[in-house]
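Trainee: I am sharing input03.txt, which consists of compact mmCIF, C-alpha atoms and all ligand atoms:
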```txt
# COMPACT_ATOMS: atom_id res chain seq x y z
CA MET Q 23 8.86 -8.17 -3.95
CA ILE Q 24 12.26 -6.56 -3.51
CA GLU Q 25 14.44 -7.31 -6.53
CA ILE Q 26 18.22 -7.74 -6.24
CA LEU Q 27 20.84 -8.13 -8.96
CA VAL Q 28 23.59 -10.62 -8.13
CA THR Q 29 26.67 -10.53 -10.36
CA GLY Q 30 28.78 -13.66 -10.31
CA GLY Q 31 25.83 -15.64 -9.00
CA ALA Q 32 27.03 -18.82 -10.73
CA GLY Q 33 30.23 -18.85 -8.66
CA TYR Q 34 30.98 -20.37 -5.28
CA ILE Q 35 29.82 -17.62 -2.92
CA GLY Q 36 27.33 -16.05 -5.36
CA SER Q 37 25.42 -19.30 -5.84
CA HIS Q 38 25.02 -19.75 -2.08
CA MET Q 39 23.92 -16.11 -1.86
CA ILE Q 40 21.14 -16.61 -4.39
CA SER Q 41 19.78 -19.48 -2.39
CA SER Q 42 19.93 -17.36 0.83
CA LEU Q 43 18.26 -14.38 -0.86
CA VAL Q 44 15.43 -16.46 -2.29
CA ASP Q 45 14.91 -18.19 1.08
CA ALA Q 46 14.71 -14.73 2.67
CA GLY Q 47 11.95 -13.70 0.23
CA TYR Q 48 13.87 -11.60 -2.32
CA LYS Q 49 13.46 -11.76 -6.06
CA VAL Q 50 16.83 -12.36 -7.70
CA VAL Q 51 18.40 -11.83 -11.09
CA THR Q 52 21.83 -13.38 -11.66
CA LEU Q 53 24.26 -11.93 -14.16
CA ASP Q 54 27.24 -14.18 -14.88
CA ASN Q 55 29.48 -14.72 -17.90
CA LEU Q 56 30.12 -18.36 -16.87
CA TYR Q 57 33.88 -17.77 -17.17
CA SER Q 58 34.42 -19.54 -13.86
CA GLY Q 59 30.87 -20.16 -12.71
CA PHE Q 60 28.43 -22.97 -13.49
CA ARG Q 61 24.95 -22.51 -14.89
CA ASP Q 62 23.58 -25.35 -12.78
CA ALA Q 63 24.80 -23.63 -9.59
CA VAL Q 64 22.10 -21.00 -10.05
CA ILE Q 65 19.27 -22.89 -8.39
CA ALA Q 66 16.72 -20.09 -8.19
CA GLY Q 67 15.64 -16.82 -9.79
CA GLU Q 68 16.29 -15.50 -13.26
CA PHE Q 69 19.62 -16.10 -15.02
CA VAL Q 70 21.21 -13.77 -17.56
CA GLU Q 71 24.44 -14.82 -19.25
CA GLY Q 72 26.60 -11.79 -19.92
CA ASP Q 73 29.67 -9.79 -19.12
CA LEU Q 74 30.09 -6.62 -17.10
CA SER Q 75 32.14 -5.12 -19.91
CA ASP Q 76 28.93 -5.07 -21.97
CA ARG Q 77 27.50 -1.63 -21.17
CA HIS Q 78 24.63 -2.19 -23.57
CA LEU Q 79 23.54 -5.31 -21.71
CA LEU Q 80 23.80 -3.53 -18.36
CA GLU Q 81 21.73 -0.66 -19.71
CA GLN Q 82 19.07 -3.09 -20.87
CA LEU Q 83 19.06 -5.02 -17.58
CA PHE Q 84 18.65 -1.91 -15.47
CA SER Q 85 15.92 -0.55 -17.78
CA GLU Q 86 13.91 -3.75 -17.63
CA HIS Q 87 14.14 -4.26 -13.86
CA SER Q 88 13.82 -2.04 -10.84
CA PHE Q 89 16.58 -3.31 -8.64
CA ALA Q 90 16.57 -2.22 -5.00
CA GLY Q 91 20.25 -3.12 -4.78
CA VAL Q 92 23.17 -5.01 -6.26
CA MET Q 93 25.43 -7.67 -4.77
CA HIS Q 94 28.67 -7.84 -6.70
CA PHE Q 95 30.56 -11.15 -6.59
CA ALA Q 96 31.84 -11.32 -10.17
CA ALA Q 97 35.64 -11.15 -10.05
CA HIS Q 98 38.85 -13.06 -10.67
CA ILE Q 99 40.34 -14.39 -7.45
CA GLU Q 100 43.74 -15.96 -8.02
CA VAL Q 101 46.57 -14.01 -6.43
CA GLY Q 102 49.37 -15.70 -8.42
CA GLU Q 103 47.60 -15.18 -11.73
CA SER Q 104 47.04 -11.52 -10.86
CA VAL Q 105 50.81 -11.07 -10.58
CA ARG Q 106 51.41 -12.70 -13.97
CA ASN Q 107 48.47 -11.05 -15.72
CA PRO Q 108 47.54 -7.82 -13.92
CA ALA Q 109 45.65 -6.46 -16.96
CA LYS Q 110 43.07 -9.22 -16.60
CA TYR Q 111 42.56 -8.34 -12.93
CA TYR Q 112 42.33 -4.56 -13.26
CA ARG Q 113 40.00 -4.92 -16.25
CA ASN Q 114 37.57 -7.34 -14.67
CA ASN Q 115 37.82 -6.51 -10.98
CA PHE Q 116 38.08 -2.75 -11.32
CA THR Q 117 36.99 -1.47 -14.76
CA ASN Q 118 34.02 -3.83 -15.02
CA ALA Q 119 32.98 -2.97 -11.45
CA GLN Q 120 33.04 0.67 -12.48
CA ASN Q 121 30.82 -0.11 -15.49
CA LEU Q 122 28.33 -1.66 -13.13
CA LEU Q 123 28.49 1.22 -10.65
CA ASP Q 124 28.14 3.84 -13.37
CA THR Q 125 25.04 2.07 -14.69
CA MET Q 126 23.66 1.98 -11.15
CA VAL Q 127 24.22 5.71 -10.74
CA GLU Q 128 22.57 6.45 -14.10
CA HIS Q 129 19.52 4.42 -13.07
CA GLY Q 130 19.31 5.72 -9.52
CA VAL Q 131 20.07 2.35 -7.92
CA ASN Q 132 22.07 3.26 -4.84
CA ARG Q 133 22.62 0.18 -2.69
CA PHE Q 134 25.70 -1.94 -3.32
CA ILE Q 135 27.19 -4.89 -1.45
CA PHE Q 136 30.77 -5.53 -2.47
CA SER Q 137 32.81 -8.74 -2.16
CA SER Q 138 36.11 -7.42 -0.90
CA THR Q 139 38.99 -9.35 0.56
CA ALA Q 140 41.55 -9.60 3.35
CA ALA Q 141 44.11 -9.16 0.56
CA ILE Q 142 43.51 -5.39 0.67
CA PHE Q 143 45.49 -5.29 3.94
CA GLY Q 144 48.70 -6.88 2.66
CA GLU Q 145 51.25 -8.11 5.20
CA PRO Q 146 49.54 -7.77 8.62
CA SER Q 147 51.22 -5.50 11.14
CA TYR Q 148 49.04 -6.89 13.95
CA ILE Q 149 46.57 -9.75 14.47
CA PRO Q 150 43.58 -9.96 14.55
CA ILE Q 151 43.07 -7.52 11.70
CA ASP Q 152 40.40 -4.90 12.33
CA GLU Q 153 38.89 -2.40 9.91
CA LEU Q 154 41.42 0.30 10.87
CA HIS Q 155 44.44 -1.80 9.94
CA GLN Q 156 46.61 -0.16 7.27
CA LYS Q 157 45.73 -1.13 3.73
CA ARG Q 158 48.81 -1.93 1.68
CA PRO Q 159 47.89 -4.75 -0.71
CA ILE Q 160 50.91 -6.63 -2.04
CA ASN Q 161 49.49 -7.98 -5.32
CA PRO Q 162 47.29 -6.78 -8.21
CA TYR Q 163 44.34 -8.85 -6.94
CA GLY Q 164 44.34 -7.03 -3.59
CA ARG Q 165 44.99 -3.69 -5.28
CA SER Q 166 42.11 -4.13 -7.74
CA LYS Q 167 39.72 -4.75 -4.84
CA ARG Q 168 41.16 -1.89 -2.78
CA MET Q 169 40.67 0.44 -5.73
CA VAL Q 170 36.99 -0.45 -5.90
CA GLU Q 171 36.65 0.31 -2.18
CA GLN Q 172 38.23 3.72 -2.79
CA LEU Q 173 35.94 4.37 -5.73
CA LEU Q 174 32.96 3.45 -3.56
CA ALA Q 175 33.90 6.10 -0.99
CA ASP Q 176 34.11 8.71 -3.78
CA TYR Q 177 30.80 7.58 -5.36
CA ASP Q 178 29.05 7.88 -2.01
CA ARG Q 179 30.33 11.44 -1.52
CA ALA Q 180 29.54 12.52 -5.08
CA TYR Q 181 26.47 10.49 -6.04
CA GLY Q 182 25.04 9.23 -2.75
CA LEU Q 183 25.66 5.59 -3.68
CA LYS Q 184 25.59 3.61 -0.42
CA SER Q 185 27.76 0.54 -0.16
CA ILE Q 186 28.92 -2.08 2.28
CA ALA Q 187 32.24 -3.72 1.49
CA LEU Q 188 32.72 -7.13 3.08
CA ARG Q 189 36.33 -8.22 3.35
CA TYR Q 190 36.30 -11.98 3.32
CA PHE Q 191 39.04 -13.91 5.01
CA ASN Q 192 38.89 -17.62 4.03
CA ALA Q 193 35.44 -18.56 2.75
CA ALA Q 194 34.89 -22.29 3.12
CA GLY Q 195 32.27 -25.00 3.59
CA ALA Q 196 29.17 -25.63 1.52
CA ASP Q 197 25.39 -25.64 1.61
CA PRO Q 198 24.52 -28.00 4.51
CA LEU Q 199 22.18 -29.89 2.15
CA ALA Q 200 25.03 -30.25 -0.39
CA ARG Q 201 23.00 -28.74 -3.22
CA LEU Q 202 25.88 -26.31 -3.75
CA GLY Q 203 29.58 -26.20 -2.96
CA GLU Q 204 33.02 -25.07 -4.03
CA ARG Q 205 33.95 -25.94 -7.63
CA HIS Q 206 36.89 -23.85 -8.79
CA ASP Q 207 38.83 -24.94 -11.82
CA PRO Q 208 41.70 -25.09 -11.17
CA GLU Q 209 41.07 -25.50 -7.46
CA THR Q 210 43.65 -23.65 -5.35
CA HIS Q 211 41.95 -23.45 -1.95
CA LEU Q 212 43.11 -25.55 0.94
CA ILE Q 213 39.91 -27.20 2.21
CA PRO Q 214 38.58 -28.50 -1.15
CA LEU Q 215 42.07 -29.70 -2.08
CA VAL Q 216 42.46 -31.54 1.23
CA LEU Q 217 39.07 -33.19 0.69
CA GLN Q 218 39.96 -34.15 -2.87
CA ALA Q 219 43.00 -35.88 -1.42
CA ALA Q 220 40.69 -37.65 1.05
CA SER Q 221 38.27 -38.80 -1.64
CA GLY Q 222 41.03 -39.96 -3.97
CA ARG Q 223 40.38 -37.34 -6.66
CA ARG Q 224 43.87 -36.04 -5.90
CA GLU Q 225 46.94 -38.03 -4.90
CA HIS Q 226 48.04 -35.85 -2.01
CA ILE Q 227 47.90 -32.41 -0.47
CA SER Q 228 51.03 -30.26 -0.44
CA ILE Q 229 51.67 -28.17 2.65
CA PHE Q 230 53.12 -24.89 1.45
CA GLY Q 231 55.75 -24.24 4.10
CA SER Q 232 56.26 -25.86 7.49
CA ASP Q 233 58.80 -23.37 8.81
CA TYR Q 234 56.56 -20.41 9.62
CA ASP Q 235 56.67 -18.79 13.03
CA THR Q 236 53.54 -20.59 14.27
CA ALA Q 237 53.06 -23.41 16.80
CA ASP Q 238 53.24 -26.21 14.20
CA GLY Q 239 55.13 -24.24 11.55
CA THR Q 240 52.23 -24.03 9.07
CA CYS Q 241 50.20 -20.95 8.09
CA ILE Q 242 47.20 -19.87 10.10
CA ARG Q 243 43.99 -18.71 8.41
CA ASP Q 244 40.50 -17.71 9.51
CA TYR Q 245 37.91 -19.97 7.84
CA ILE Q 246 34.33 -18.71 7.66
CA HIS Q 247 31.40 -20.84 6.53
CA VAL Q 248 29.95 -19.68 3.21
CA VAL Q 249 26.41 -19.76 4.63
CA ASP Q 250 27.49 -17.50 7.52
CA LEU Q 251 29.08 -15.21 4.97
CA CYS Q 252 25.79 -15.03 3.07
CA GLN Q 253 23.98 -14.24 6.30
CA VAL Q 254 26.18 -11.15 6.69
CA HIS Q 255 25.26 -10.07 3.15
CA LEU Q 256 21.58 -10.31 4.04
CA LEU Q 257 22.11 -8.22 7.17
CA ALA Q 258 24.15 -5.69 5.18
CA LEU Q 259 21.44 -5.44 2.53
CA GLN Q 260 18.82 -4.97 5.21
CA ALA Q 261 20.89 -2.18 6.77
CA LEU Q 262 21.08 -0.36 3.43
CA LEU Q 263 17.35 -0.89 2.81
CA GLU Q 264 16.69 0.67 6.23
CA GLY Q 265 18.62 3.74 5.11
CA LYS Q 266 21.87 3.12 6.99
CA GLY Q 267 25.06 4.57 5.52
CA SER Q 268 28.07 3.07 3.79
CA ASN Q 269 30.34 0.80 5.77
CA ARG Q 270 33.16 -1.76 5.59
CA TYR Q 271 33.46 -4.95 7.62
CA ASN Q 272 36.10 -7.64 8.10
CA LEU Q 273 34.57 -11.09 7.94
CA GLY Q 274 36.00 -14.11 9.65
CA ASN Q 275 35.30 -16.29 12.64
CA GLY Q 276 38.02 -14.50 14.57
CA GLN Q 277 39.76 -17.78 15.19
CA GLY Q 278 42.72 -19.08 13.26
CA TYR Q 279 43.50 -22.66 12.28
CA SER Q 280 46.80 -23.88 10.88
CA VAL Q 281 47.10 -25.85 7.64
CA ARG Q 282 48.10 -28.85 9.76
CA GLU Q 283 44.98 -28.45 11.93
CA VAL Q 284 42.80 -28.29 8.83
CA ILE Q 285 44.29 -31.56 7.56
CA ASP Q 286 43.96 -33.25 10.97
CA THR Q 287 40.33 -32.14 11.28
CA ALA Q 288 39.62 -33.35 7.74
CA GLU Q 289 41.05 -36.78 8.63
CA LYS Q 290 38.75 -36.89 11.64
CA VAL Q 291 35.67 -35.82 9.65
CA THR Q 292 36.30 -38.09 6.67
CA GLN Q 293 37.71 -41.00 8.67
CA ARG Q 294 40.39 -41.31 5.99
CA LYS Q 295 44.14 -40.95 5.95
CA ILE Q 296 45.13 -37.95 3.85
CA PRO Q 297 48.50 -38.22 2.05
CA VAL Q 298 50.59 -35.11 2.75
CA ILE Q 299 53.70 -33.73 1.05
CA GLN Q 300 55.82 -30.96 2.57
CA SER Q 301 56.47 -28.28 -0.06
CA GLU Q 302 58.13 -24.91 -0.35
CA ARG Q 303 56.39 -21.79 0.91
CA ARG Q 304 53.98 -20.21 -1.55
CA GLU Q 305 55.01 -16.68 -2.44
CA GLY Q 306 53.12 -13.87 -0.70
CA ASP Q 307 51.61 -16.01 2.07
CA PRO Q 308 51.65 -14.24 5.46
CA ALA Q 309 52.12 -16.61 8.43
CA ARG Q 310 48.84 -15.53 10.04
CA LEU Q 311 45.65 -13.94 8.73
CA VAL Q 312 42.90 -13.67 11.30
CA ALA Q 313 39.98 -11.23 11.24
CA ASP Q 314 38.75 -9.08 14.05
CA SER Q 315 35.02 -9.39 13.28
CA ARG Q 316 33.74 -7.59 16.36
CA ARG Q 317 32.41 -4.68 14.36
CA VAL Q 318 30.15 -6.72 12.11
CA ARG Q 319 28.84 -8.63 15.12
CA LEU Q 320 28.16 -5.43 17.02
CA GLU Q 321 26.75 -3.25 14.25
CA LEU Q 322 24.87 -5.80 12.14
CA GLY Q 323 24.09 -8.23 14.97
CA TRP Q 324 25.73 -11.11 13.12
CA LYS Q 325 26.49 -14.40 14.86
CA PRO Q 326 28.15 -17.26 13.00
CA ARG Q 327 25.94 -20.34 12.94
CA TYR Q 328 28.55 -22.77 11.69
CA GLY Q 329 31.59 -21.38 13.46
CA ASP Q 330 33.59 -24.52 14.15
CA LEU Q 331 36.04 -25.97 11.68
CA GLU Q 332 34.64 -29.48 11.98
CA THR Q 333 31.20 -28.37 10.72
CA ILE Q 334 32.74 -26.32 7.91
CA ILE Q 335 34.75 -29.33 6.76
CA ALA Q 336 31.84 -31.76 7.25
CA HIS Q 337 29.64 -29.69 4.91
CA ALA Q 338 32.42 -29.37 2.35
CA TRP Q 339 32.95 -33.15 2.59
CA LYS Q 340 29.28 -33.87 1.83
CA TRP Q 341 29.68 -31.78 -1.31
CA GLU Q 342 33.01 -33.37 -2.29
CA GLN Q 343 31.39 -36.79 -2.12
CA LYS Q 344 28.89 -35.70 -4.76
CA MET Q 345 31.64 -34.83 -7.20
CA PRO Q 346 32.24 -37.34 -10.01
CA SER Q 347 35.43 -39.33 -9.38
CA LYS Q 348 38.14 -39.05 -12.00
N1 LIG Q 401 47.76 -24.16 1.24
C1 LIG Q 401 48.55 -25.29 1.26
N2 LIG Q 401 48.44 -26.19 0.25
C2 LIG Q 401 47.58 -26.03 -0.79
C3 LIG Q 401 46.75 -24.87 -0.81
C4 LIG Q 401 46.87 -23.96 0.23
O1 LIG Q 401 49.35 -25.49 2.18
O2 LIG Q 401 47.55 -26.87 -1.70
C5 LIG Q 401 47.86 -23.19 2.33
C6 LIG Q 401 48.22 -21.78 1.87
O3 LIG Q 401 49.61 -21.63 1.79
C7 LIG Q 401 47.57 -20.92 2.97
C8 LIG Q 401 46.35 -21.74 3.40
O4 LIG Q 401 46.60 -23.08 2.94
O5 LIG Q 401 48.43 -20.81 4.07
C9 LIG Q 401 45.06 -21.26 2.81
O6 LIG Q 401 45.25 -21.10 1.40
P1 LIG Q 401 44.07 -20.82 0.41
O7 LIG Q 401 44.65 -20.79 -0.96
O8 LIG Q 401 42.96 -21.78 0.66
O9 LIG Q 401 43.52 -19.39 0.82
P2 LIG Q 401 44.27 -17.96 0.99
O10 LIG Q 401 44.67 -17.87 2.42
O11 LIG Q 401 45.41 -17.95 0.05
O12 LIG Q 401 43.21 -17.00 0.64
```
Reformat the file's structure so that it appears as structure tokens.
Mentor:
Amino acid sequence: MIEILVTGGAGYIGSHMISSLVDAGYKVVTLDNLYSGFRDAVIAGEFVEGDLSDRHLLEQLFSEHSFAGVMHFAAHIEVGESVRNPAKYYRNNFTNAQNLLDTMVEHGVNRFIFSSTAAIFGEPSYIPIDELHQKRPINPYGRSKRMVEQLLADYDRAYGLKSIALRYFNAAGADPLARLGERHDPETHLIPLVLQAASGRREHISIFGSDYDTADGTCIRDYIHVVDLCQVHLLALQALLEGKGSNRYNLGNGQGYSVREVIDTAEKVTQRKIPVIQSERREGDPARLVADSRRVRLELGWKPRYGDLETIIAHAWKWEQKMPSK
């Protein structure tokens, strides 16, 4: 059986990935420090609690297993926090990633799938954003991820480490069977917050800015179902296992929805009125972020299965309804 190490497997995307990998017949080991993940989100495979700063643990893990590849999800993800506390972001997102990659090189493990982000592009100069778009991240979060991408290019040239970086736009939705879902604490993402307002776990949803240069004045984002995202990881892993070279892909549905459209769709799906408050713009939010995902479709043969916003929200709603009420 092909064995894969998943870092951050107790988190939102990582936990869905483990389930997809196991369904696809892989053997999986999760490494997670449970800083923001949940032990009970790891529903299959072996679980190791530990931190990527622990070189000794990494050494041990790679000596005991023969990993065919690594999927690296473990990272901090809050843009605002990264501005206030950049040390935390560079240490975990960059230095710890380098620890992992150095251990891989030492042990001859040379396939790496990296959770990157649309934040590496910064303020878009055109939409949709393709892989060639200039990369000028505007916060430490985006910079820490960009730096790993740069390191990966150097490690390929020098050590032959093959990687595929997947730049997520807005990951959303949940396991269609609602065994898993989004559980950030604190939650900052739009769709779970909107659904918490629908279920009554939150009093209202604040719209951050209604004066953007868009049709309804609210920001436009490209929401991609977490299960579709995992499907791309499987295809990327397969490509590396077949001996294909390093690559980078932008991952979205290629269609943007405004904050207002998300709320309206959530009202339709939940059949509930969602209380809304108009707030100030959130700092660093571009008006539009939409991916050009043609390359991943063409080169990896990916097709989104749950492309429409209604399905994404319906799955997230099933999960939200399983959450204990306050
Ligand atoms: N947003 C909002 N209210 C909230 C949270 C988010 O209006 O309580 C907006 C945010 O300004 C952005 C969009 O929803 O335009 C998506 O934000 P999210 O934090 O989910 O993802 P991001 O685009 O920042 O990665």
Trainee: Which chains and residue numbers are within 6 Å of ligand LIG 401 (chain Q), counting all atoms listed in the file, if I want them as a list in words?
Mentor: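 Within the 6 Å cut-off, the matching residues are Asn192, Thr210, His211, Leu212, Ile227, Ser228, Ile229, Phe230, Cys241, Val281, Arg304 and Asp307 of chain Q.
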Trainee: Please indicate the distance in Å from atom CA of Q:Pro162 to atom CA of Q:Ser104, rounded to one decimal place.
Mentor: 5.4 Å
Trainee: Pick out the closest residue to Q:Gly36 from this set: Q:Ile186, Q:Ala219, Q:Val248, Q:Met126. Count all atoms listed in the file.
Mentor: Q:Val248
Trainee: Quick one, how far is atom CA of Q:Phe89 from atom CA of Q:His255?
Mentor: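 Taking atom CA of Q:Phe89 as the start and atom CA of Q:His255 as the end point, the length is 16.1 Å.
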Trainee: Using only C-alpha atoms, can you list as a PyMOL selection string the residues within 12 Å of (39.8, -20.5, 12.5)?
Mentor: chain Q and resi 150+191-194+241-247+273-281+283-284+287+310-314+328-335
Trainee: Please write as a ChimeraX atom specification the list of polymer residues whose atoms come within 12 Å of (19.6, -1.9, 2.2), counting only C-alpha atoms and keeping to the coordinates of the file.
Mentor: /Q:24-26,89-93,131-135,183-186,255-269,322
Trainee: Would you please work out which residue, of Q:His226, Q:Arg165, Q:Arg77, Q:Arg61, is nearest to Q:Glu128 when using all atoms listed in the file?
Mentor: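 Residue with the minimum atom-to-atom distance to Q:Glu128: Q:Arg77.
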Trainee: Pick out the residues sitting within 9 Å of Q:Arg223, and hand them over as a PDB file with C-alpha atoms, keeping the file's coordinate frame; count all atoms listed in the file, and ignore anything fewer than 4 positions along from it in its own chain.
Mentor:
```
ATOM      1  CA  LEU Q 217      39.070 -33.190   0.690  1.00  0.00           C
ATOM      2  CA  GLN Q 218      39.960 -34.150  -2.870  1.00  0.00           C
ATOM      3  CA  ALA Q 219      43.000 -35.880  -1.420  1.00  0.00           C
ATOM      4  CA  PRO Q 346      32.240 -37.340 -10.010  1.00  0.00           C
ATOM      5  CA  SER Q 347      35.430 -39.330  -9.380  1.00  0.00           C
ATOM      6  CA  LYS Q 348      38.140 -39.050 -12.000  1.00  0.00           C
TER       7      LYS Q 348
END
```
Trainee: Which residues are near Q:Ser147? Cut-off 12 Å, only C-alpha atoms, ignore same chain within fewer than 5 positions. Put them as a PyMOL selection string.
Mentor: chain Q and resi 152+154-158+308-312
Trainee: Please measure the separation of atom CA of Q:Glu153 and atom CA of Q:Ile99, giving the value in Å to one decimal.
Mentor: 21.1 Å
Trainee: For stretch 249-265 of chain Q, take all atoms listed in the file, fit an axis-aligned box around them, add 5 Å to each of the six sides, then output centre and edge lengths in Å rounded to one decimal, as AutoDock Vina command-line options.
Mentor:
```
--center_x 22.9 --center_y -8.0 --center_z 5.0 --size_x 22.4 --size_y 33.5 --size_z 15.0
```
Trainee: Please produce, as a tab-separated table, a per-residue contact table for stretch 211-325 of chain Q versus stretch 337-343 of chain Q (criterion: any atom at most 9 Å away, only C-alpha atoms considered), showing the nearest atom pair and its distance in Å to one decimal, sorted by chain then residue number.
Mentor:
```
residue	atom	partner	partner_atom	distance
Q:Ile213	CA	Q:Ala338	CA	7.8
Q:Pro214	CA	Q:Ala338	CA	7.1
Q:Leu217	CA	Q:Trp339	CA	6.4
Q:Gln218	CA	Q:Glu342	CA	7.0
Q:Ser221	CA	Q:Gln343	CA	7.2
Q:Ala288	CA	Q:Trp339	CA	8.4
Q:Val291	CA	Q:Trp339	CA	8.0
Q:Thr292	CA	Q:Trp339	CA	7.2
```
Trainee: Check the smallest atom-to-atom distance from each of Q:Gln300, Q:Glu305, Q:Trp324, Q:Gly130 to Q:Ser85 using only C-alpha atoms, then report the winner.
Mentor: Q:Gly130
Trainee: Taking all atoms listed in the file into account, name the residue in Q:His129, Q:His94, Q:Lys290, Q:Lys344 that is nearest to Q:Val170.
Mentor: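 Nearest candidate to Q:Val170 out of Q:His129, Q:His94, Q:Lys290, Q:Lys344: Q:His94.
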Trainee: I'd like to know which of Q:Ile299, Q:Phe116, Q:Arg294, Q:Glu68 is closest to Q:Gln172, using all atoms listed in the file.
Mentor: Q:Phe116
Trainee: Could you list, as a ChimeraX atom specification, every residue within 9 Å of Q:Val318, counting all atoms listed in the file and ignoring same-chain residues fewer than 3 positions away?
Mentor: /Q:254,270-273,315,321-325
Trainee: Could you name the residues that touch Q:Met23 at 12 Å or less, counting all atoms listed in the file, but leaving out those on the same chain fewer than 6 positions away, as a ChimeraX atom specification?
Mentor: /Q:43-44,46-50,87-90
Trainee: Quick one: stretch 201-218 of chain Q from the block, N, CA and C atoms, as a short mmCIF file (atom, residue, chain, number, x, y, z; two decimals), in the first residue's frame.
Mentor:
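Wrote it out as out-v5.cif, contents follow:
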```cif
data_model
loop_
_atom_site.label_atom_id
_atom_site.label_comp_id
_atom_site.auth_asym_id
_atom_site.auth_seq_id
_atom_site.Cartn_x
_atom_site.Cartn_y
_atom_site.Cartn_z
N ARG Q 201 -19.83 14.07 8.02
CA ARG Q 201 -18.96 13.49 9.06
C ARG Q 201 -17.89 14.50 9.46
N LEU Q 202 -17.60 15.42 8.54
CA LEU Q 202 -16.54 16.41 8.73
C LEU Q 202 -17.04 17.76 8.24
N GLY Q 203 -16.39 18.82 8.72
CA GLY Q 203 -16.77 20.15 8.25
C GLY Q 203 -15.80 21.19 8.78
N GLU Q 204 -16.18 22.45 8.62
CA GLU Q 204 -15.30 23.55 9.00
C GLU Q 204 -15.54 23.89 10.46
N ARG Q 205 -14.45 24.00 11.25
CA ARG Q 205 -14.57 24.20 12.70
C ARG Q 205 -13.43 25.08 13.18
N HIS Q 206 -13.28 26.26 12.62
CA HIS Q 206 -12.19 27.12 13.08
C HIS Q 206 -12.61 27.84 14.36
N ASP Q 207 -11.61 28.09 15.20
CA ASP Q 207 -11.90 28.82 16.43
C ASP Q 207 -10.79 29.84 16.68
N PRO Q 208 -11.02 31.13 16.50
CA PRO Q 208 -12.30 31.71 16.12
C PRO Q 208 -12.60 31.52 14.63
N GLU Q 209 -13.87 31.44 14.30
CA GLU Q 209 -14.24 31.32 12.89
C GLU Q 209 -14.18 32.72 12.26
N THR Q 210 -13.53 32.80 11.09
CA THR Q 210 -13.45 34.10 10.40
C THR Q 210 -14.02 34.01 8.98
N HIS Q 211 -14.30 32.81 8.52
CA HIS Q 211 -14.71 32.64 7.12
C HIS Q 211 -16.20 32.89 6.91
N LEU Q 212 -16.48 33.44 5.73
CA LEU Q 212 -17.83 33.93 5.47
C LEU Q 212 -18.92 32.84 5.58
N ILE Q 213 -18.75 31.74 4.85
CA ILE Q 213 -19.86 30.77 4.77
C ILE Q 213 -20.20 30.17 6.14
N PRO Q 214 -19.23 29.68 6.93
CA PRO Q 214 -19.62 29.18 8.26
C PRO Q 214 -20.23 30.26 9.15
N LEU Q 215 -19.74 31.48 9.04
CA LEU Q 215 -20.32 32.55 9.86
C LEU Q 215 -21.77 32.84 9.47
N VAL Q 216 -22.01 32.87 8.17
CA VAL Q 216 -23.38 33.11 7.68
C VAL Q 216 -24.30 32.00 8.20
N LEU Q 217 -23.81 30.77 8.17
CA LEU Q 217 -24.65 29.64 8.60
C LEU Q 217 -24.83 29.62 10.12
N GLN Q 218 -23.84 30.12 10.84
CA GLN Q 218 -24.02 30.25 12.30
C GLN Q 218 -25.10 31.29 12.59
#
```
